[in-house]
Amino acid sequence: MERYYQEEIETASREQIHQWQSERLVKQVQNVWENVPFYKQKMMEAGITPEDIKSVDDLHKLPFVTKDDLKNCYPYGLLARPLADCVRIQSTSGTTGRRVVAFYTQHDLDLWEDCCARAIVAAGGTKDDVCHVCYGYGLFTGGPGLNGGSHKVGCLTLPMSSGNTERQIQFMTDLGSTILCCTPSYAAYLAESIQERGLGDSIKLKAGIFGAEAWTEEMRHDIEEKLGIKAYDIYGLTEISGPGVSFECSAQTGMHVNEDHFIAEVINPNTGEPVPDGEKGELVFTCITKEAFPLIRYRTRDICILSREKCSCGRTHVKMTKPLGRSDDMLIVKGVNVFPSQIETVLMNKGYPANYQIIVDRVNNSDTIEVQVEMTAEMFSDNLSEVSAKERELVNALKAMLGIYAKVKLVAPKSITRSEGKAVRIIDKRNLYQQK
Amino acid sequence: MAVKQISVFVENKPGKLAELTDLLSQHKINLRALYLADAVDFGIARLIVDDIYNTSTVLREANYVSSIKDVLAVRLPDEPGGLFKVLDLLGKNGINVEYMYAFTTRIQGTANMIFRVEDNKRAVELLSTNGISQIGQEELEKL
């Protein structure tokens, strides 16, 4: 028997969803027109006013919001409510300019936590469960989102946060955790650690909710088998709220978007034109119920496919595939967003040629990133410690920029592969995106 | 009386040193001495060659990164305590040796060392006033 957190909403008819979306979109557009000068200006430039938006069918008339817009509006430029009404800030990693700072009113936190609660219930969670959350807590949305959702469901919540695997396993065995929330790579690591210690029988886990990074079906089967659980995918982004923008149900064939809060569209990333269901394109979200930070037609840069086919779980909300790639060159390494341009900036600031290659891999279920830099006469010396000191300086500068450790490898001049005269900048050996 | 040493960046991969020496041999460059320092992913090959300027050109044209530095070439009596005498003298006068290495010549009865120090001028004077024999660039190229 399929269980729902908010059955009437999750199984509403398509007509009902269309009606909710239309009413809420019209209200939201009026709201941002009046309260956010950025949106008013953008709409005026596009030659439209709130009167042009009569239903969700008019959504395509609205201009897009991009990551660059967020950068230009940092920090308060997209706020639709006075700061006094906001109660929380969450943020992505990365340096100023690339860092997203999102604001929440109490209403916004409630709807976000409802979305996470739907995901937990879809994974079989009830008030009798012990929900073990080892996403990071703090500015990162993973921990706070699932923590809030777990409270709403009434699970006994273990706010473990990330790291300290020994302690994670001890709590898991001593307190009988039944639902695990973390990144898929950490779940795979935990599964191996539990197997190595021969503790498989002491674990009471039945389900896992894993997101914040790309993972494959092979990884899912591996985790499910090793932990003896069902592994569910969850999707979200700080810009839109956090985890729970969409979540997987018992069918495990895509993630239901919480369409009463977020309108999902898929567009052609080159033309901006909407593409039909079933076709690959860039995912775009519009927040129709959020108060503080309601992004309108935000381009996620994630490539995916939408499907409105009837789902065996009884939910009616549109399903999206796992992200199948990116329409920009952003990499997600250890859950952190990395742009090659950030690496290029560091190299140029330190006087290196912008001749580099980024090699991303996954070793023992943990992401690694290596930046290969061609050696130059300026940085070379006969003295090993001098060269090593320069290498270390570069490692530190990259860490400061990216927020994660990146190995630096100095290579011979002209040794970085060039195809048709253009260097291949990124080699991602993880193969995390499934081809469709 | 310092001599020129040329250092070359070499990736730490099989065959890379062979490539370098092959290049030098193709250009009839003879190695007097070679000393390798290795980090995890790369090494620095310090070379004493018979024609420093030709070597520098050949390396540059083959896309190697190299650097030329003055080092001391010292001739020691081939007997116990020969090296100690030099190191003791440098040490007592506050001259730090960053690295050093030995090399052979066809001359019997002497040992030959390269010393890399910060202050070449002071070191040269010190060795000269203390009667320690040094090898100059021209002599080195003819060895």
# chains A, B, ... in the order shown; residues from 1 in each chain; ligands from 1

call {"tool": "interface_residues", "arguments": {"of": "chain A", "to": "chain B", "cutoff": "9 Å", "atoms": "only C-alpha atoms", "output": "VMD selection string"}}
result
chain A and resid 375 to 377 380 to 384 388 409 to 414

call {"tool": "residues_around", "arguments": {"residues": "segment 240-255 of chain A", "least_positions_apart": "4", "cutoff": "6 Å", "atoms": "only C-alpha atoms", "output": "ChimeraX atom specification"}}
result
/A:115-116,119,122,141,232-236,319-321

call {"tool": "residues_around", "arguments": {"residues": "Glu224 of chain A", "least_positions_apart": "5", "cutoff": "10 Å", "atoms": "only C-alpha atoms", "output": "VMD selection string"}}
result
chain A and resid 187 to 188 191 206 to 208 218 to 219 229 to 232

call {"tool": "closest_residue", "arguments": {"among": "A:Val56, A:Ile359, A:Leu402, A:Ile194", "to": "Ile169 of chain A", "atoms": "only C-alpha atoms"}}
result
A:Ile194

call {"tool": "select_by_dssp", "arguments": {"residues": "segment 69-116 of chain B", "states": "strand (DSSP E or B)", "output": "PyMOL selection string"}}
result
chain B and resi 69-77+97-103+110-116
